[in-house]
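Worksheet for the structure shown next.
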Amino acid sequence: MSAGDPPIDSPEISRLTPVLGPGHTYSSVTDKISAIVLTRPTSLGWYIGFLIAFCVFGVMNIAIGYLILKGVGIWGINIPIGWGFAIVNFVWWIGIGHAGTLISAILFLLNQKWRTSINRFAEAMTLFAVACAGIFPLIHTGRPWYAFWMFPYPSVMGIWPQFRSPLIWDVFAVSTYGTVSLLFWFVGLIPDLATLRDRSTTKLKQIIYGMLALGWRGSARHWHRYQSAYLLLAGLATPLVLSVHTVVSFDFAIAIVPGWHTTIFPPYFVAGAIYSGFAMVLTIAIPLRKAYGLEDFITMRHLENMAKVMLATGLIVAYGYFFEFFMSLYSGNKFDVFLVQQRLHGPYAPFYYALILCNILTPQLLWIHKMRTNVVVLFLMSIIVNVGMWLERFVIVVISLTRDFVPSAWGRYSPTIWDWATFIGTMGMFVMLIFLFVRVLPAISIAEMRELVAETSEEHK
Amino acid sequence: MIEHRSHIYGVIGEFEKPEQLVHAAAKIREAGYRYYESYTPFPVEGLPEAMGMRRNMVPLITLIGGLIGGLGGFGFQYWVNVYSYPLNIAGRPLNSWPAFIPVTFELTILCASLSAVLGMLALNGLPQPHHPIFNAHRFTHASTDRFFVCIQARDKKFHLAETARFLQGLAAHHVSEVHDD
C-alpha cells in the first residue's frame with residue numbers, strides 16, 4: 001500500500017484518536033507491558049477468575065471422562081440428528097479463532113497500524129479457540145483413542161483415509177491451521193521473550209524465558225530474515241484462514257441435505273467466522289485493558305475499528321441469510337422451500353428468530369458513533385453476536401437434520417446435561433488459558449509497539 | 001589473527017536513536033570494515049541497506065518447501081487412490097483430482113510455513129543459547145531501548161584502540177570491548 005493513502009491513517013484522524021497514547025518511549029512501552037508479566041504482583045481478581053475458569057474446565061474433564069466411559073449415548077444425539085452439539089460447538093469455536101489470524105495476517109499485509117496492540121492476544125485467542133474446537137470432533141468419534149486413523153500413515157490394515165471426504169479435508173485444514181497459528185504466534189513472541197529474559201530478576205525466569213527466546217540477540221541480519229519470514233507467514237496465513245472455514249462449510253455444502261447444499265456457504269461461513277471472532281476479541285480486549293490499565297495501547301480507536309469490522313462482516317452474514325432464503329424459494333425445490341417454512345414456523349423457529357435478532361438487528365446499532373465508542377455497549381454487543389453465531393450453527397445443523405426428505409426420517413433434538421457440561425467446560429478451558437497467557441507472556445507485542453513508537457515519533461517531527 | 005587479542009570478540013558502541021545507528025553503520029561500512037553487526041530492539045528501517053545486506057534466502061526456502069508440500073501432497077493422494085488402495089465406485093475415475101485440491105492446498109501452506117520458520121531459524125543459527133555479545137556491557141538494553149553496533153575482532157582492519165576511537169568518533173556512547181569467553 002502506498003504511503004499515506006489509507007484515510008484511516010491520515011494525520012488528522014490519528015491525532016484525534018491515536019493508536020498509541022501520547023508520550024510513550026521505547027522503554028516506557030517495554031516497562032508497561034513486561035511489568036504485567038514480571039514485576040506486578042498477581043492480583044486477587046486474577047486468582048479468583050482463574051479459579052472459577054479452572055473449576056469450569058474441571059466440569060469439562062468430568063464430562064469427557066464420563067463420555068469415554070459410557071460413549072456418545074450420553075449426549076442428546078440420535079438418528080437422524082447425529083451431529084448435534086459437537087458440530088455446532090466445533091464450528092463456533094473454529095470461527096472464533098479466525099479473527100486472530102485476520103488481525104495478525106491480513107491487517108499486517110494491509111499495513112494497518114492499529115493491529116499492533118491487539119494482534120498478540122488475538123493470536124493467542126485463535127490458538128485456544130482451535131484447541132477448544134479440536135476437542136469436539138475428537139470426542140464425537142466415539143472412540144477418540146482411534147483418532148489417529150484419520151491421518152494417513154502406513155498401517156498394518158493396508159488402508160488409507162478417504163481423501164475425497166470433507167471430514168478428512170477438515171482434519172488437514174484444522175491441523176494445518178493450528179500449526180501455522182502456533183508458528184506465527186511463536187515467531188512473533190521470540191523478540192519479546194528475549195526482552196523478558198533480559199529483564200527477569202530471578203534465575204528461574206531468566207532460564208525459562210531464555211530457553212524460549214532461543215538465544216535471540218536482535219542482530220540486524222537476524223531481523224532481516226525474521227521480517228522476511230514473518231511477512232511470508234502472513235502471506236501464507238491469509239489464504240489459509242479463508243480456506244479453513246471454507247473447508248468447514250464443505251462439511252455441510254458437499255452433503256445433499258436441504259439447507260446445506262448451497263454454494264453460498266463458503267463465503268458466508270468465512271464472513272460469519274470473522275464476525276464472531278471480532279466479537280470474541282472485543283469480549284476479551286475490553287476487560288483486559290481495564291484490568292491492566294492498557295487504555296493507552298488498546299485505545300478507543302481499536303475498539304471502534306473492531307466494531308466497524310463487526311458491522312461490515314455482520315452485513316455480509318445478513319446478505320448470506322437473505323440469499324440462502326431467496327435461493328431456496330427461487331429454486332422451487334420443494335425440499336428447500338419446505339426447509340425455509342420450517343425455519344420460520346417449525347419447532348425450532350424461536351432459535352431462528354433469536355438468531356436474526358442477535359446477528360442482524362442488534363448490530364445495526366453500530367452504525368451510530370456513540371454506540372461504537374461506548375465500552376459497555378460494545379461488550380454487551382460482542383456477547384450478543386457470539387450467542388447469535390452459536391444459534392446460527394445450531395439452526396443450520398439441527399433444523400436441516402430434523403427435517404430432511406421423508407417425514408418418517410424426521411426427528412427432534414435436545415441436548416442433555418452432558419452436552420451442556422462439555423460446551424460450557426470448553427469455555428472454562430478457553431478462559432483459563434487466556435488467564436494463564438496474560439500472566440506469563442506479554443499480551444501485547446513489545447517489539448512491534450517499539451516500532452510504532454519509532455513511527456509515531458517520526459510523524460510528529 | 002593475532003594471538004594476543006584472541007580473547008576479544010570485538011568493540012561495541014551504543015546509540016540512543018535508530019537514525020544514529022543507521023548513519024554509523026553506513027560509515028563503518030565506508031571505512032572498510034567487513035565483520036560488524038548491529039543489535040536493535042526492533043527492526044530498524046534502512047539498516048539492512050546501510051549495512052549492505054542484500055536479499056536473504058528465506059523466500060527461496062519457503063518456495064521450495066511449498067512446492068514440496070503441494071506436489072508431494074497431490075502425488076501422495078494420487079498414489080493412494082490410483083495404486084495403493086483403488087476403490088471403484090460406480091466406475092468413477094480413480095484420479096478424481098478436484099477432490100484432492102483441499103488437502104493439496106493445506107499441505108502446501110503447512111510445508112511452506114514450516115520451511116519459512118525453520119529456514120529463518122537455521123539461517124540465523126538459532127537456537128544458540130550463548131553468544132559472546134551477551135558479555136557486552138549494558139547489552140540487556142539491546143532488547144529494550146538502545147541500539148548497538150559491534151565491530152568484530154576477526155575483521156582485518158580491527159585494532160582495539162583505533163576501532164574504539166573510530167566508534168567514539170561516530171558519537172557512540174559507552175564504547176567498550178567485548179570479551180570472547
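Quick note on naming: the chains in the C-alpha cells go A, B, ... in the order shown, residues restart at 1 in each chain, and ligands are numbered from 1 in order of appearance.
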Discussion item. Taking only C-alpha atoms into account and nothing else, which residues of chain A lie no more than 8 Å away from chain B? Please answer as number ranges by chain.
Written reply: A: 26-27, 30, 159-160, 163-165, 169, 172-173, 176, 179-180, 183, 187, 191, 194-195, 198-199, 210-211, 214-229, 232-233, 236-237, 240, 247, 447-448, 450-451
Fill in: DSSP alpha helix (DSSP H) selection over segment 173-263 of chain A, as a ChimeraX atom specification
/A:173-199,203-213,220-253
Discussion item. Quick one: residues within 10 Å of Ile208 of chain A, only C-alpha atoms, excluding same-chain residues fewer than 6 positions away - as a count of residues only?
Written reply: 4
Fill in: Surrounding residues of Leu182 of chain A excluding itself and chain neighbours under 4 positions, 7 Å, only C-alpha atoms, as a VMD selection string
chain A and resid 127 178 186
Since we have the selection now, will you write its residues out, keeping N, CA and C atoms, as a tab-separated table (two decimals), in the first residue's frame?
```tsv
chain	number	residue	atom	x	y	z
A	127	LEU	N	-5.36	-19.66	18.96
A	127	LEU	CA	-4.82	-20.96	19.36
A	127	LEU	C	-5.74	-21.66	20.34
A	178	GLY	N	-4.03	-24.95	13.04
A	178	GLY	CA	-3.46	-24.93	14.39
A	178	GLY	C	-1.95	-24.77	14.35
A	186	PHE	N	4.42	-17.90	17.77
A	186	PHE	CA	5.72	-18.09	18.40
A	186	PHE	C	6.79	-17.21	17.76
```
Practice prompt. Can you work out the spacing between atom CA of Pro258 of chain A and atom CA of Ala273 of chain A in Å, to one decimal?
Written response: 22.0 Å
Discussion item. Would you pick out the contacts of Val309 of chain A at 9 Å or less, using only C-alpha atoms, so that residues sharing its chain but fewer than 3 positions from it are not included, and give the list as a list in words?
Written reply: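 Here the answer would be Ile274, Tyr275, Phe278, Glu304, Asn305, Met306, Ala312, Thr313 and Gly314 of chain A.
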What does the file look like for those residues with N, CA and C atoms, as an mmCIF file, in the first residue's frame?
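Saved as again-v5.cif:
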```cif
data_model
loop_
_atom_site.group_PDB
_atom_site.id
_atom_site.type_symbol
_atom_site.label_atom_id
_atom_site.label_comp_id
_atom_site.auth_asym_id
_atom_site.auth_seq_id
_atom_site.Cartn_x
_atom_site.Cartn_y
_atom_site.Cartn_z
ATOM 1 N N ILE A 274 -15.320 -14.479 10.854
ATOM 2 C CA ILE A 274 -14.633 -13.238 11.203
ATOM 3 C C ILE A 274 -15.515 -12.396 12.120
ATOM 4 N N TYR A 275 -16.793 -12.425 11.828
ATOM 5 C CA TYR A 275 -17.785 -11.705 12.634
ATOM 6 C C TYR A 275 -17.713 -12.166 14.094
ATOM 7 N N PHE A 278 -14.220 -11.353 15.784
ATOM 8 C CA PHE A 278 -14.040 -9.984 16.257
ATOM 9 C C PHE A 278 -14.865 -9.734 17.510
ATOM 10 N N GLU A 304 -13.251 0.896 18.235
ATOM 11 C CA GLU A 304 -14.166 1.378 17.211
ATOM 12 C C GLU A 304 -13.911 0.661 15.879
ATOM 13 N N ASN A 305 -12.635 0.479 15.536
ATOM 14 C CA ASN A 305 -12.340 -0.224 14.284
ATOM 15 C C ASN A 305 -12.876 -1.645 14.314
ATOM 16 N N MET A 306 -12.721 -2.299 15.456
ATOM 17 C CA MET A 306 -13.226 -3.670 15.550
ATOM 18 C C MET A 306 -14.740 -3.675 15.408
ATOM 19 N N ALA A 312 -19.439 -4.610 9.341
ATOM 20 C CA ALA A 312 -19.289 -4.957 7.925
ATOM 21 C C ALA A 312 -19.488 -6.456 7.708
ATOM 22 N N THR A 313 -18.807 -7.282 8.535
ATOM 23 C CA THR A 313 -18.950 -8.721 8.335
ATOM 24 C C THR A 313 -20.369 -9.161 8.703
ATOM 25 N N GLY A 314 -20.977 -8.477 9.675
ATOM 26 C CA GLY A 314 -22.355 -8.786 10.041
ATOM 27 C C GLY A 314 -23.287 -8.570 8.864
#
```
Discussion item. When you count only C-alpha atoms, which of these residues is closest to Glu295 of chain A: A:Ile384, A:Val375, A:Ile396, A:Leu242?
Written reply: A:Val375
Discussion item. Please compute the atom CA of Leu107 of chain A-atom CA of Leu38 of chain A distance, one decimal, in Å.
Written reply: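 One can read the atom CA of Leu107 of chain A to atom CA of Leu38 of chain A distance as 29.5 Å.
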Item to complete: Could you check which of A:Ile62, A:Ala133, A:Ile52, A:Leu391 is closest to Val91 of chain A, using only C-alpha atoms?
Response: A:Ala133
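Pairwise distance (atom CA of Phe15 of chain B, atom CA of Arg120 of chain A) equals 28.7 Å.
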Worksheet item: DSSP on the backbone: what in chain B comes out strand (DSSP E), as a list of chain:residue names?
Response: B:Ile8, B:Tyr9, B:Gly10, B:Val11, B:Ile12, B:Gly13, B:Glu14, B:Phe15, B:Tyr36, B:Glu37, B:Ser38, B:Tyr39, B:Phe147, B:Phe148, B:Val149, B:Cys150, B:Ile151, B:Gln152, B:His173, B:His174, B:Val175, B:Ser176, B:Glu177, B:Val178, B:His179
Worksheet item: Using only C-alpha atoms, which residue out of A:Leu294, A:Leu303, A:Leu344, A:Ile368 lies closest to Val29 of chain A?
Response: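 The shortest atom-to-atom distance to Val29 of chain A comes from A:Leu294.
Taking only C-alpha atoms, the non-local environment of Ala31 of chain B within 12 Å (same-chain residues fewer than 3 positions away omitted) comprises B:Ala24, B:Ala25, B:Ala26, B:Lys27, B:Ile28, B:Arg34, B:Tyr35, B:Tyr36, B:Met51, B:Ile151, B:Lys157, B:Phe158, B:Thr163, B:Phe166, B:Leu167, B:Leu170.
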